[in-house]
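Okay, coords.cif now, which holds mmCIF, C-alpha atoms:
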```cif
data_final
#
loop_
_atom_site.group_PDB
_atom_site.id
_atom_site.type_symbol
_atom_site.label_atom_id
_atom_site.label_comp_id
_atom_site.auth_asym_id
_atom_site.auth_seq_id
_atom_site.Cartn_x
_atom_site.Cartn_y
_atom_site.Cartn_z
ATOM 1 C CA MET A 54 -82.355 -41.890 -14.877
ATOM 2 C CA GLU A 55 -81.723 -43.975 -18.002
ATOM 3 C CA GLN A 56 -81.596 -40.869 -20.204
ATOM 4 C CA ARG A 57 -79.241 -39.156 -17.762
ATOM 5 C CA ASN A 58 -76.881 -42.126 -17.793
ATOM 6 C CA GLU A 59 -76.979 -42.254 -21.582
ATOM 7 C CA LEU A 60 -76.195 -38.544 -21.770
ATOM 8 C CA MET A 61 -73.284 -38.902 -19.354
ATOM 9 C CA ALA A 62 -71.916 -41.873 -21.274
ATOM 10 C CA VAL A 63 -71.928 -39.918 -24.530
ATOM 11 C CA ALA A 64 -70.256 -36.916 -22.872
ATOM 12 C CA ALA A 65 -67.594 -39.080 -21.214
ATOM 13 C CA SER A 66 -66.770 -40.794 -24.489
ATOM 14 C CA LYS A 67 -66.056 -37.394 -26.057
ATOM 15 C CA PHE A 68 -63.172 -37.048 -23.592
ATOM 16 C CA GLY A 69 -61.949 -40.632 -23.892
ATOM 17 C CA LEU A 70 -63.529 -41.738 -20.612
ATOM 18 C CA LEU A 71 -65.299 -45.040 -19.971
ATOM 19 C CA GLU A 72 -68.415 -45.562 -17.867
ATOM 20 C CA LYS A 73 -66.717 -48.434 -16.072
ATOM 21 C CA ASP A 74 -64.362 -45.832 -14.596
ATOM 22 C CA LYS A 75 -67.111 -43.576 -13.199
ATOM 23 C CA VAL A 76 -66.805 -42.664 -9.542
ATOM 24 C CA GLN A 77 -69.721 -40.475 -8.500
ATOM 25 C CA THR A 78 -72.568 -38.447 -9.973
ATOM 26 C CA HIS A 79 -73.419 -34.950 -8.750
ATOM 27 C CA VAL A 80 -76.445 -32.857 -9.675
ATOM 28 C CA SER A 81 -76.135 -29.086 -9.226
ATOM 29 C CA GLU A 82 -78.738 -26.410 -9.890
ATOM 30 C CA HIS A 83 -77.887 -26.067 -13.564
ATOM 31 C CA SER A 84 -75.528 -28.919 -14.414
ATOM 32 C CA LEU A 85 -75.000 -32.662 -14.262
ATOM 33 C CA ILE A 86 -71.531 -33.673 -13.112
ATOM 34 C CA ARG A 87 -69.871 -37.073 -12.922
ATOM 35 C CA SER A 88 -66.370 -37.900 -11.737
ATOM 36 C CA TYR A 89 -64.168 -40.486 -13.444
ATOM 37 C CA GLN A 90 -60.908 -42.209 -12.705
ATOM 38 C CA LEU A 91 -58.326 -41.325 -15.358
ATOM 39 C CA GLY A 92 -55.093 -43.108 -14.567
ATOM 40 C CA ALA A 93 -53.994 -41.838 -11.177
ATOM 41 C CA LYS A 94 -56.217 -38.730 -11.433
ATOM 42 C CA ILE A 95 -59.862 -37.909 -10.872
ATOM 43 C CA VAL A 96 -61.533 -35.782 -13.556
ATOM 44 C CA TYR A 97 -65.020 -34.292 -13.744
ATOM 45 C CA VAL A 98 -67.341 -34.163 -16.741
ATOM 46 C CA ARG A 99 -69.900 -31.346 -16.543
ATOM 47 C CA ILE A 100 -72.985 -31.230 -18.766
ATOM 48 C CA THR A 101 -75.006 -28.024 -19.076
ATOM 49 C CA ASP A 102 -78.346 -27.628 -20.808
ATOM 50 C CA GLU A 103 -78.367 -25.067 -23.634
ATOM 51 C CA SER A 104 -81.380 -23.388 -22.011
ATOM 52 C CA HIS A 105 -79.207 -22.362 -19.053
ATOM 53 C CA LYS A 106 -76.073 -21.372 -20.931
ATOM 54 C CA PRO A 107 -75.231 -21.725 -24.622
ATOM 55 C CA TYR A 108 -72.200 -23.566 -25.940
ATOM 56 C CA VAL A 109 -70.400 -20.411 -27.072
ATOM 57 C CA LYS A 110 -70.430 -18.863 -23.598
ATOM 58 C CA ILE A 111 -69.162 -22.046 -21.969
ATOM 59 C CA GLU A 112 -66.408 -22.256 -24.567
ATOM 60 C CA GLY A 113 -65.404 -18.710 -23.643
ATOM 61 C CA GLU A 114 -65.345 -19.711 -19.975
ATOM 62 C CA VAL A 115 -63.013 -22.686 -20.428
ATOM 63 C CA GLN A 116 -60.739 -20.761 -22.785
ATOM 64 C CA TRP A 117 -60.040 -18.229 -20.046
ATOM 65 C CA VAL A 118 -59.561 -20.932 -17.402
ATOM 66 C CA GLU A 119 -57.106 -22.716 -19.688
ATOM 67 C CA PHE A 120 -55.206 -19.447 -20.172
ATOM 68 C CA LEU A 121 -54.945 -18.892 -16.413
ATOM 69 C CA GLY A 122 -53.753 -22.449 -15.857
ATOM 70 C CA SER A 123 -51.146 -22.097 -18.601
ATOM 71 C CA LYS A 124 -49.762 -19.037 -16.802
ATOM 72 C CA GLY A 125 -49.359 -20.830 -13.485
ATOM 73 C CA VAL A 126 -52.595 -19.841 -11.734
ATOM 74 C CA CYS A 127 -53.839 -22.813 -9.709
ATOM 75 C CA VAL A 128 -57.243 -23.616 -11.196
ATOM 76 C CA SER A 129 -59.221 -26.743 -11.982
ATOM 77 C CA ARG A 130 -57.937 -26.928 -15.558
ATOM 78 C CA PRO A 131 -60.138 -28.006 -18.457
ATOM 79 C CA LEU A 132 -59.055 -30.983 -20.549
ATOM 80 C CA HIS A 133 -59.257 -31.282 -24.312
ATOM 81 C CA SER A 134 -61.601 -33.803 -25.854
ATOM 82 C CA ALA A 135 -60.456 -36.570 -28.171
ATOM 83 C CA ALA A 136 -61.233 -34.166 -31.030
ATOM 84 C CA GLY A 137 -59.041 -31.462 -29.465
ATOM 85 C CA ASN A 138 -61.871 -29.250 -28.184
ATOM 86 C CA LEU A 139 -62.294 -27.717 -24.735
ATOM 87 C CA ALA A 140 -66.102 -27.931 -25.019
ATOM 88 C CA GLU A 141 -68.239 -30.444 -26.902
ATOM 89 C CA ARG A 142 -71.804 -30.138 -28.198
ATOM 90 C CA ILE A 143 -74.222 -33.001 -27.596
ATOM 91 C CA ARG A 144 -77.719 -33.328 -29.025
ATOM 92 C CA MET A 145 -80.166 -35.786 -27.495
ATOM 93 C CA GLU A 146 -83.935 -35.990 -27.917
ATOM 94 C CA ASP A 147 -84.203 -32.530 -29.472
ATOM 95 C CA ARG A 148 -82.207 -30.891 -26.672
ATOM 96 C CA GLU A 149 -78.754 -29.338 -26.875
ATOM 97 C CA TYR A 150 -76.094 -29.775 -24.203
ATOM 98 C CA THR A 151 -72.502 -28.694 -23.700
ATOM 99 C CA ALA A 152 -69.957 -30.992 -22.071
ATOM 100 C CA VAL A 153 -66.626 -29.998 -20.580
ATOM 101 C CA CYS A 154 -64.073 -31.963 -18.579
ATOM 102 C CA TYR A 155 -61.990 -30.620 -15.686
ATOM 103 C CA GLU A 156 -59.095 -31.910 -13.641
ATOM 104 C CA GLU A 157 -59.782 -32.372 -9.948
ATOM 105 C CA ALA A 158 -58.909 -29.246 -7.968
ATOM 106 C CA LYS A 159 -55.766 -29.463 -5.873
ATOM 107 C CA GLY A 160 -55.969 -29.137 -2.111
ATOM 108 C CA ARG A 161 -58.815 -29.466 0.357
ATOM 109 C CA PRO A 162 -62.066 -27.607 1.029
ATOM 110 C CA VAL A 163 -62.006 -24.600 3.337
ATOM 111 C CA GLY A 164 -62.829 -25.558 6.928
ATOM 112 C CA GLU A 165 -64.317 -23.474 9.726
ATOM 113 C CA ASN A 166 -60.919 -23.034 11.349
ATOM 114 C CA ASP A 167 -59.341 -21.732 8.134
ATOM 115 C CA ALA A 168 -61.191 -18.406 8.109
ATOM 116 C CA ASP A 169 -58.577 -16.123 9.629
ATOM 117 C CA GLU A 170 -56.341 -13.232 8.594
ATOM 118 C CA ARG A 171 -53.817 -15.590 7.024
ATOM 119 C CA LEU A 172 -56.459 -17.058 4.715
ATOM 120 C CA TYR A 173 -57.851 -13.618 3.859
ATOM 121 C CA ARG A 174 -54.365 -12.443 2.912
ATOM 122 C CA ARG A 175 -53.842 -15.534 0.748
ATOM 123 C CA MET A 176 -57.209 -14.935 -0.913
ATOM 124 C CA GLY A 177 -56.234 -11.363 -1.727
ATOM 125 C CA GLN A 178 -52.833 -12.379 -3.066
ATOM 126 C CA PHE A 179 -54.404 -15.059 -5.255
ATOM 127 C CA MET A 180 -56.948 -12.635 -6.708
ATOM 128 C CA GLY A 181 -54.303 -9.990 -7.283
ATOM 129 C CA CYS A 182 -52.178 -12.505 -9.181
ATOM 130 C CA MET A 183 -55.197 -13.591 -11.251
ATOM 131 C CA HIS A 184 -56.043 -9.986 -12.160
ATOM 132 C CA ARG A 185 -52.435 -9.161 -13.065
ATOM 133 C CA ILE A 186 -52.194 -12.176 -15.364
ATOM 134 C CA THR A 187 -55.641 -11.576 -16.854
ATOM 135 C CA LYS A 188 -54.526 -8.180 -18.142
ATOM 136 C CA GLY A 189 -52.453 -10.121 -20.665
ATOM 137 C CA TYR A 190 -55.479 -12.050 -21.930
ATOM 138 C CA THR A 191 -57.166 -11.059 -25.190
ATOM 139 C CA HIS A 192 -60.295 -12.874 -26.314
ATOM 140 C CA LEU A 193 -60.312 -12.613 -30.085
ATOM 141 C CA ASP A 194 -63.614 -14.336 -30.900
ATOM 142 C CA PRO A 195 -66.583 -12.016 -30.173
ATOM 143 C CA VAL A 196 -68.995 -14.963 -30.389
ATOM 144 C CA THR A 197 -67.496 -16.835 -27.433
ATOM 145 C CA LYS A 198 -66.499 -13.777 -25.428
ATOM 146 C CA ARG A 199 -67.739 -13.806 -21.824
ATOM 147 C CA PRO A 200 -70.576 -11.370 -21.012
ATOM 148 C CA ASP A 201 -70.175 -7.876 -19.651
ATOM 149 C CA TRP A 202 -71.188 -7.088 -16.045
ATOM 150 C CA SER A 203 -74.179 -5.110 -17.308
ATOM 151 C CA ASP A 204 -75.811 -8.210 -18.831
ATOM 152 C CA GLU A 205 -76.617 -9.656 -15.410
ATOM 153 C CA ALA A 206 -77.368 -6.228 -13.939
ATOM 154 C CA GLU A 207 -79.916 -5.507 -16.673
ATOM 155 C CA LYS A 208 -81.613 -8.851 -16.112
ATOM 156 C CA VAL A 209 -82.022 -7.959 -12.449
ATOM 157 C CA ARG A 210 -83.215 -4.458 -13.301
ATOM 158 C CA HIS A 211 -86.020 -5.885 -15.433
ATOM 159 C CA ILE A 212 -87.344 -8.160 -12.675
ATOM 160 C CA ASP A 213 -90.975 -7.187 -12.175
ATOM 161 C CA LEU A 214 -91.384 -6.394 -8.473
ATOM 162 C CA PRO A 215 -94.544 -5.007 -6.807
ATOM 163 C CA LEU A 216 -94.962 -1.368 -5.783
ATOM 164 C CA THR A 217 -94.048 -2.286 -2.206
ATOM 165 C CA GLU A 218 -90.476 -2.714 -3.468
ATOM 166 C CA LYS A 219 -90.311 0.648 -5.222
ATOM 167 C CA GLY A 220 -87.683 1.905 -2.781
ATOM 168 C CA ILE A 221 -85.436 -0.999 -3.735
ATOM 169 C CA THR A 222 -85.928 -0.802 -7.492
ATOM 170 C CA ARG A 223 -85.443 2.973 -7.559
ATOM 171 C CA ARG A 224 -82.158 2.713 -5.693
ATOM 172 C CA TYR A 225 -81.019 -0.173 -7.880
ATOM 173 C CA GLU A 226 -81.585 1.994 -10.963
ATOM 174 C CA ALA A 227 -79.568 4.800 -9.390
ATOM 175 C CA LEU A 228 -76.761 2.401 -8.478
ATOM 176 C CA LEU A 229 -76.585 1.002 -12.010
ATOM 177 C CA HIS A 230 -76.365 4.503 -13.416
ATOM 178 C CA TYR A 231 -73.569 5.401 -11.005
ATOM 179 C CA ILE A 232 -71.525 2.281 -11.774
ATOM 180 C CA SER A 233 -72.034 2.530 -15.536
ATOM 181 C CA GLU A 234 -70.376 5.981 -15.456
ATOM 182 C CA LEU A 235 -67.133 4.619 -13.984
ATOM 183 C CA PRO A 236 -64.147 4.820 -16.352
ATOM 184 C CA ILE A 237 -62.917 1.670 -18.084
ATOM 185 C CA ALA A 238 -59.149 1.256 -18.177
ATOM 186 C CA VAL A 239 -56.905 -1.716 -18.902
ATOM 187 C CA ASP A 240 -55.391 -1.611 -15.400
ATOM 188 C CA ALA A 241 -58.799 -1.636 -13.727
ATOM 189 C CA TYR A 242 -61.144 -3.610 -15.981
ATOM 190 C CA GLY A 243 -61.055 -7.143 -17.366
ATOM 191 C CA LEU A 244 -62.289 -10.688 -16.860
ATOM 192 C CA ILE A 245 -63.196 -11.483 -13.254
ATOM 193 C CA HIS A 246 -64.318 -14.645 -11.470
ATOM 194 C CA ALA A 247 -67.343 -12.871 -9.923
ATOM 195 C CA ASP A 248 -68.110 -15.665 -7.443
ATOM 196 C CA PHE A 249 -65.046 -15.743 -5.224
ATOM 197 C CA HIS A 250 -66.088 -17.348 -1.917
ATOM 198 C CA TYR A 251 -65.100 -20.203 0.376
ATOM 199 C CA GLY A 252 -67.135 -22.780 -1.549
ATOM 200 C CA ASN A 253 -65.323 -22.051 -4.812
ATOM 201 C CA PHE A 254 -61.708 -22.593 -3.879
ATOM 202 C CA PHE A 255 -59.557 -25.150 -2.125
ATOM 203 C CA VAL A 256 -56.656 -24.552 0.227
ATOM 204 C CA TYR A 257 -53.527 -25.813 -1.514
ATOM 205 C CA GLU A 258 -50.122 -25.570 0.166
ATOM 206 C CA ASP A 259 -49.491 -21.837 0.727
ATOM 207 C CA SER A 260 -52.021 -20.734 -1.857
ATOM 208 C CA LEU A 261 -55.473 -21.609 -3.190
ATOM 209 C CA CYS A 262 -56.936 -23.507 -6.123
ATOM 210 C CA LEU A 263 -59.943 -21.819 -7.752
ATOM 211 C CA ILE A 264 -62.954 -23.584 -9.295
ATOM 212 C CA ASP A 265 -66.361 -22.742 -10.813
ATOM 213 C CA PHE A 266 -65.940 -19.971 -13.384
ATOM 214 C CA ASP A 267 -69.586 -20.185 -14.424
ATOM 215 C CA ALA A 268 -70.282 -16.560 -13.388
ATOM 216 C CA SER A 269 -67.107 -15.081 -14.924
ATOM 217 C CA ARG A 270 -67.622 -11.814 -16.781
ATOM 218 C CA TYR A 271 -65.995 -8.572 -17.824
ATOM 219 C CA SER A 272 -66.114 -5.969 -15.095
ATOM 220 C CA TRP A 273 -63.933 -3.778 -12.946
ATOM 221 C CA PHE A 274 -61.399 -5.689 -10.871
ATOM 222 C CA ILE A 275 -62.781 -3.948 -7.810
ATOM 223 C CA ASP A 276 -66.084 -5.766 -8.481
ATOM 224 C CA ASP A 277 -64.301 -9.080 -7.868
ATOM 225 C CA ILE A 278 -62.906 -7.747 -4.590
ATOM 226 C CA ALA A 279 -66.328 -6.456 -3.525
ATOM 227 C CA VAL A 280 -67.984 -9.810 -4.225
ATOM 228 C CA ALA A 281 -65.389 -11.567 -2.056
ATOM 229 C CA ALA A 282 -66.024 -9.037 0.721
ATOM 230 C CA PHE A 283 -69.796 -9.437 0.371
ATOM 231 C CA PHE A 284 -69.654 -13.202 0.731
ATOM 232 C CA SER A 285 -67.159 -13.014 3.602
ATOM 233 C CA GLY A 286 -69.768 -11.156 5.656
ATOM 234 C CA LEU A 287 -72.575 -13.623 5.064
ATOM 235 C CA THR A 288 -72.532 -15.791 8.158
ATOM 236 C CA GLU A 289 -75.909 -17.319 8.926
ATOM 237 C CA GLY A 290 -77.382 -15.552 11.916
ATOM 238 C CA THR A 291 -75.528 -12.288 11.467
ATOM 239 C CA ASP A 292 -74.120 -9.881 8.885
ATOM 240 C CA VAL A 293 -70.459 -9.377 9.667
ATOM 241 C CA GLU A 294 -68.812 -6.085 8.773
ATOM 242 C CA PRO A 295 -66.278 -6.504 5.941
ATOM 243 C CA GLY A 296 -63.465 -4.513 7.579
ATOM 244 C CA PRO A 297 -61.705 -7.412 9.377
ATOM 245 C CA PHE A 298 -61.749 -9.336 6.087
ATOM 246 C CA LEU A 299 -60.805 -6.540 3.712
ATOM 247 C CA THR A 300 -57.762 -5.241 5.595
ATOM 248 C CA PRO A 301 -55.640 -8.425 5.263
ATOM 249 C CA PHE A 302 -57.264 -9.276 1.901
ATOM 250 C CA LEU A 303 -56.119 -5.991 0.381
ATOM 251 C CA GLU A 304 -52.661 -6.388 1.923
ATOM 252 C CA GLY A 305 -52.327 -9.639 -0.005
ATOM 253 C CA TYR A 306 -53.872 -8.187 -3.158
ATOM 254 C CA ARG A 307 -51.419 -5.291 -3.296
ATOM 255 C CA LEU A 308 -48.515 -7.741 -3.268
ATOM 256 C CA GLU A 309 -49.551 -8.913 -6.735
ATOM 257 C CA HIS A 310 -51.521 -6.172 -8.444
ATOM 258 C CA HIS A 311 -51.652 -2.393 -8.322
ATOM 259 C CA LEU A 312 -54.934 -0.518 -8.441
ATOM 260 C CA GLU A 313 -55.184 3.229 -8.070
ATOM 261 C CA GLU A 314 -56.409 4.075 -4.586
ATOM 262 C CA GLN A 315 -59.540 5.745 -5.961
ATOM 263 C CA TRP A 316 -60.914 2.328 -6.924
ATOM 264 C CA PHE A 317 -61.020 1.051 -3.382
ATOM 265 C CA ARG A 318 -63.612 3.728 -2.576
ATOM 266 C CA GLU A 319 -65.980 1.947 -4.976
ATOM 267 C CA ILE A 320 -66.111 -1.276 -2.936
ATOM 268 C CA PRO A 321 -69.322 -0.335 -1.012
ATOM 269 C CA TYR A 322 -71.138 0.371 -4.277
ATOM 270 C CA PHE A 323 -70.294 -2.998 -5.816
ATOM 271 C CA MET A 324 -71.078 -4.781 -2.553
ATOM 272 C CA LYS A 325 -74.474 -3.112 -2.541
ATOM 273 C CA LEU A 326 -75.015 -4.115 -6.160
ATOM 274 C CA ARG A 327 -74.567 -7.777 -5.222
ATOM 275 C CA GLU A 328 -76.649 -7.480 -2.048
ATOM 276 C CA MET A 329 -79.562 -5.814 -3.868
ATOM 277 C CA GLY A 330 -79.383 -8.193 -6.808
ATOM 278 C CA ARG A 331 -79.618 -11.176 -4.475
ATOM 279 C CA TYR A 332 -82.568 -9.577 -2.666
ATOM 280 C CA MET A 333 -84.481 -8.846 -5.871
ATOM 281 C CA LYS A 334 -83.956 -12.309 -7.342
ATOM 282 C CA LEU A 335 -85.016 -14.073 -4.138
ATOM 283 C CA PHE A 336 -88.076 -11.852 -3.716
ATOM 284 C CA HIS A 337 -89.120 -12.575 -7.295
ATOM 285 C CA ALA A 338 -88.449 -16.312 -6.993
ATOM 286 C CA CYS A 339 -90.899 -16.704 -4.105
ATOM 287 C CA GLY A 340 -93.389 -14.062 -5.221
ATOM 288 C CA GLY A 341 -92.790 -12.131 -2.021
ATOM 289 C CA LYS A 342 -93.740 -15.114 0.159
ATOM 290 C CA LEU A 343 -90.466 -15.291 2.012
ATOM 291 C CA ASP A 344 -91.501 -18.303 4.109
ATOM 292 C CA LYS A 345 -91.466 -20.337 0.886
ATOM 293 C CA LEU A 346 -87.721 -19.849 0.477
ATOM 294 C CA HIS A 347 -85.141 -22.387 1.592
ATOM 295 C CA PRO A 348 -83.716 -21.742 5.093
ATOM 296 C CA TRP A 349 -80.688 -19.780 3.892
ATOM 297 C CA GLY A 350 -82.891 -17.602 1.690
ATOM 298 C CA GLN A 351 -85.235 -16.915 4.602
ATOM 299 C CA TRP A 352 -82.291 -15.889 6.750
ATOM 300 C CA TYR A 353 -80.861 -13.661 4.046
ATOM 301 C CA MET A 354 -84.145 -11.864 3.443
ATOM 302 C CA ARG A 355 -84.950 -11.318 7.112
ATOM 303 C CA GLY A 356 -84.657 -7.555 7.648
ATOM 304 C CA ARG A 357 -82.679 -7.243 4.402
ATOM 305 C CA LYS A 358 -84.902 -4.590 2.831
ATOM 306 C CA GLU A 359 -84.530 -2.283 5.810
ATOM 307 C CA LYS A 360 -80.778 -2.925 5.921
ATOM 308 C CA ILE A 361 -80.407 -2.075 2.226
ATOM 309 C CA LEU A 362 -82.373 1.161 2.516
ATOM 310 C CA ARG A 363 -80.624 2.176 5.726
ATOM 311 C CA SER A 364 -77.078 1.529 4.498
ATOM 312 C CA PHE A 365 -77.420 2.595 0.861
ATOM 313 C CA PRO A 366 -74.207 4.425 -0.095
ATOM 314 C CA ALA A 367 -74.365 8.080 -1.053
ATOM 315 C CA ILE A 368 -74.429 8.643 -4.794
ATOM 316 C CA GLU A 369 -73.337 12.056 -5.991
#
```

Full structure transcribed into structure tokens:
Amino acid sequence: MEQRNELMAVAASKFGLLEKDKVQTHVSEHSLIRSYQLGAKIVYVRITDESHKPYVKIEGEVQWVEFLGSKGVCVSRPLHSAAGNLAERIRMEDREYTAVCYEEAKGRPVGENDADERLYRRMGQFMGCMHRITKGYTHLDPVTKRPDWSDEAEKVRHIDLPLTEKGITRRYEALLHYISELPIAVDAYGLIHADFHYGNFFVYEDSLCLIDFDASRYSWFIDDIAVAAFFSGLTEGTDVEPGPFLTPFLEGYRLEHHLEEQWFREIPYFMKLREMGRYMKLFHACGGKLDKLHPWGQWYMRGRKEKILRSFPAIE
């Protein structure tokens, strides 16, 4: 606890914050976060261990978020440090950390009663706006550039699963091959959020405010749409069909960004990529002993293998 407080104090000082102004400490899976009072605002300092994500990749993340915010997209904007940097390196007891500081997101969390066609349409319009603006973004530094979609996909592909999962791994290989053959064009490919779900945005006036760009990567814009559709169907106790979500979502999306109609046919493939990736990582994490998973993981895995094999999209 003492080391954690010392680390947070050093990180806060980089951004001109004082420990006497701390509000609350949060510990996520990969980061340590503490909120501070800064004048009339609340800001958040996030510290990430180098072993989870290196400084250069985090710097690339906040550079894109800053670009979006500068163009009017409602995001939790990163703040510059006292030295003028968006990300700061910290070394403590032979470990490397990266610290960033964000403004508090505008709006309120999504509630149970918010999930309706109006919200889905707003989600689609927000994403369409983000994709349209992102097409004007050029990341010039190859060192800090965000990863390509295939980086994560290859990590999943190399997960060592037992022979009982051969049907899954074989289909995952086929799906990767199919997706990797898709054409890359400026109107269809760019930086995406890649984790667009209810827990990562706030409802703000007639729009949204997006947070948590940790998973952002280069991929097809339709991948972002598919991830949103995938998460929209994950309601504990049942798998909801994406149709009622996608119809208003795409209506909103088309108000802001144009994609050729052929791309919308790829949604099931990218949804399956996310579904299979989640299955393979959870199976590996528990060594196939599904009862060892947390409750949500147990629910997700229940009957999932059969569902994946039964609903696998046709690949020509």

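Distance annotation: of A:Glu309, A:Asp259, A:Glu304, A:Glu328, the residue with the minimal separation from A:Phe284 is A:Glu328; atom set is all atoms listed in the file.
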
Contacts of A:Asp167 within 10 Å, only C-alpha atoms, excl. fewer than 6 positions in-chain, as JSON, numbers by chain: {"A": [173, 251, 256]}

A:Ile86 surroundings by only C-alpha atoms, 12 Å radius, close-in-sequence under 5 positions cut, as number ranges by chain: A: 57-58, 60-62, 64-65, 75-81, 96-102, 151-155

Residue among A:His184, A:Ala206, A:Val196, A:Asp248 lying closest to A:Leu312, counting only C-alpha atoms: A:His184

Exercise: residues within 12 Å of coordinate (-66.9, -9.2, -6.2), counting all atoms listed in the file, as a PyMOL selection string: chain A and resi 177+180+202+244-250+268-285+299+319-328

Any chance you can output those residues with C-alpha atoms as a compact mmCIF listing (two decimals), in the frame of the given file?
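And here's selection_2.txt as it stands now:
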```
# COMPACT_ATOMS: atom_id res chain seq x y z
CA GLY A 177 -56.23 -11.36 -1.73
CA MET A 180 -56.95 -12.64 -6.71
CA TRP A 202 -71.19 -7.09 -16.05
CA LEU A 244 -62.29 -10.69 -16.86
CA ILE A 245 -63.20 -11.48 -13.25
CA HIS A 246 -64.32 -14.64 -11.47
CA ALA A 247 -67.34 -12.87 -9.92
CA ASP A 248 -68.11 -15.66 -7.44
CA PHE A 249 -65.05 -15.74 -5.22
CA HIS A 250 -66.09 -17.35 -1.92
CA ALA A 268 -70.28 -16.56 -13.39
CA SER A 269 -67.11 -15.08 -14.92
CA ARG A 270 -67.62 -11.81 -16.78
CA TYR A 271 -66.00 -8.57 -17.82
CA SER A 272 -66.11 -5.97 -15.10
CA TRP A 273 -63.93 -3.78 -12.95
CA PHE A 274 -61.40 -5.69 -10.87
CA ILE A 275 -62.78 -3.95 -7.81
CA ASP A 276 -66.08 -5.77 -8.48
CA ASP A 277 -64.30 -9.08 -7.87
CA ILE A 278 -62.91 -7.75 -4.59
CA ALA A 279 -66.33 -6.46 -3.52
CA VAL A 280 -67.98 -9.81 -4.22
CA ALA A 281 -65.39 -11.57 -2.06
CA ALA A 282 -66.02 -9.04 0.72
CA PHE A 283 -69.80 -9.44 0.37
CA PHE A 284 -69.65 -13.20 0.73
CA SER A 285 -67.16 -13.01 3.60
CA LEU A 299 -60.80 -6.54 3.71
CA GLU A 319 -65.98 1.95 -4.98
CA ILE A 320 -66.11 -1.28 -2.94
CA PRO A 321 -69.32 -0.34 -1.01
CA TYR A 322 -71.14 0.37 -4.28
CA PHE A 323 -70.29 -3.00 -5.82
CA MET A 324 -71.08 -4.78 -2.55
CA LYS A 325 -74.47 -3.11 -2.54
CA LEU A 326 -75.02 -4.12 -6.16
CA ARG A 327 -74.57 -7.78 -5.22
CA GLU A 328 -76.65 -7.48 -2.05
```

Selection near stretch 340-357 of chain A, 12 Å with only C-alpha atoms, sequence-local residues under 5 positions removed, as a PyMOL selection string: chain A and resi 212-218+221+284+286-292+325+328-335+362-365

Separation of atom CA of A:Glu146 from atom CA of A:Leu132 in Å: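 The value is 26.4 Å.
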
Residue members of the PyMOL selection byres ((chain A and resi 129) around 8) in the file shown, as a list in words: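 When the PyMOL selection byres ((chain A and resi 129) around 8) is applied to the shown file, the picked residues are Val118, Gly122, Cys127, Val128, Arg130, Pro131, Tyr155, Glu156, Glu157, Ala158, Lys159, Cys262, Leu263 and Ile264 of chain A.
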
Mind dumping the selected residues with C-alpha atoms as a PDB file, keeping the file's coordinate frame?
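As a result, out_4.pdb now contains:
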```pdb
ATOM      1  CA  VAL A 118     -59.561 -20.932 -17.402  1.00  0.00           C
ATOM      2  CA  GLY A 122     -53.753 -22.449 -15.857  1.00  0.00           C
ATOM      3  CA  CYS A 127     -53.839 -22.813  -9.709  1.00  0.00           C
ATOM      4  CA  VAL A 128     -57.243 -23.616 -11.196  1.00  0.00           C
ATOM      5  CA  ARG A 130     -57.937 -26.928 -15.558  1.00  0.00           C
ATOM      6  CA  PRO A 131     -60.138 -28.006 -18.457  1.00  0.00           C
ATOM      7  CA  TYR A 155     -61.990 -30.620 -15.686  1.00  0.00           C
ATOM      8  CA  GLU A 156     -59.095 -31.910 -13.641  1.00  0.00           C
ATOM      9  CA  GLU A 157     -59.782 -32.372  -9.948  1.00  0.00           C
ATOM     10  CA  ALA A 158     -58.909 -29.246  -7.968  1.00  0.00           C
ATOM     11  CA  LYS A 159     -55.766 -29.463  -5.873  1.00  0.00           C
ATOM     12  CA  CYS A 262     -56.936 -23.507  -6.123  1.00  0.00           C
ATOM     13  CA  LEU A 263     -59.943 -21.819  -7.752  1.00  0.00           C
ATOM     14  CA  ILE A 264     -62.954 -23.584  -9.295  1.00  0.00           C
TER      15      ILE A 264
END
```

Distance criterion (all atoms listed in the file): nearest to A:Tyr150 out of A:His83, A:Lys208, A:Gly189, A:Arg171: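 Ranked by minimum distance to A:Tyr150, first place goes to A:His83.
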
Residues matched by the PyMOL selection byres ((chain A and resi 199) around 7), written as a PyMOL selection string: chain A and resi 110+113-114+197-198+200-201+270-271

So that I have them on file, write out the residues from the current selection with C-alpha atoms, as a PDB file, in the frame of the given file.
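Output below, filename again_3.pdb:
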```pdb
ATOM      1  CA  LYS A 110     -70.430 -18.863 -23.598  1.00  0.00           C
ATOM      2  CA  GLY A 113     -65.404 -18.710 -23.643  1.00  0.00           C
ATOM      3  CA  GLU A 114     -65.345 -19.711 -19.975  1.00  0.00           C
ATOM      4  CA  THR A 197     -67.496 -16.835 -27.433  1.00  0.00           C
ATOM      5  CA  LYS A 198     -66.499 -13.777 -25.428  1.00  0.00           C
ATOM      6  CA  PRO A 200     -70.576 -11.370 -21.012  1.00  0.00           C
ATOM      7  CA  ASP A 201     -70.175  -7.876 -19.651  1.00  0.00           C
ATOM      8  CA  ARG A 270     -67.622 -11.814 -16.781  1.00  0.00           C
ATOM      9  CA  TYR A 271     -65.995  -8.572 -17.824  1.00  0.00           C
TER      10      TYR A 271
END
```

Length of the atom CA of A:Phe298 to atom CA of A:Val115 vector [Å]: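 So the two atoms, atom CA of A:Phe298 and atom CA of A:Val115, lie 29.7 Å apart.
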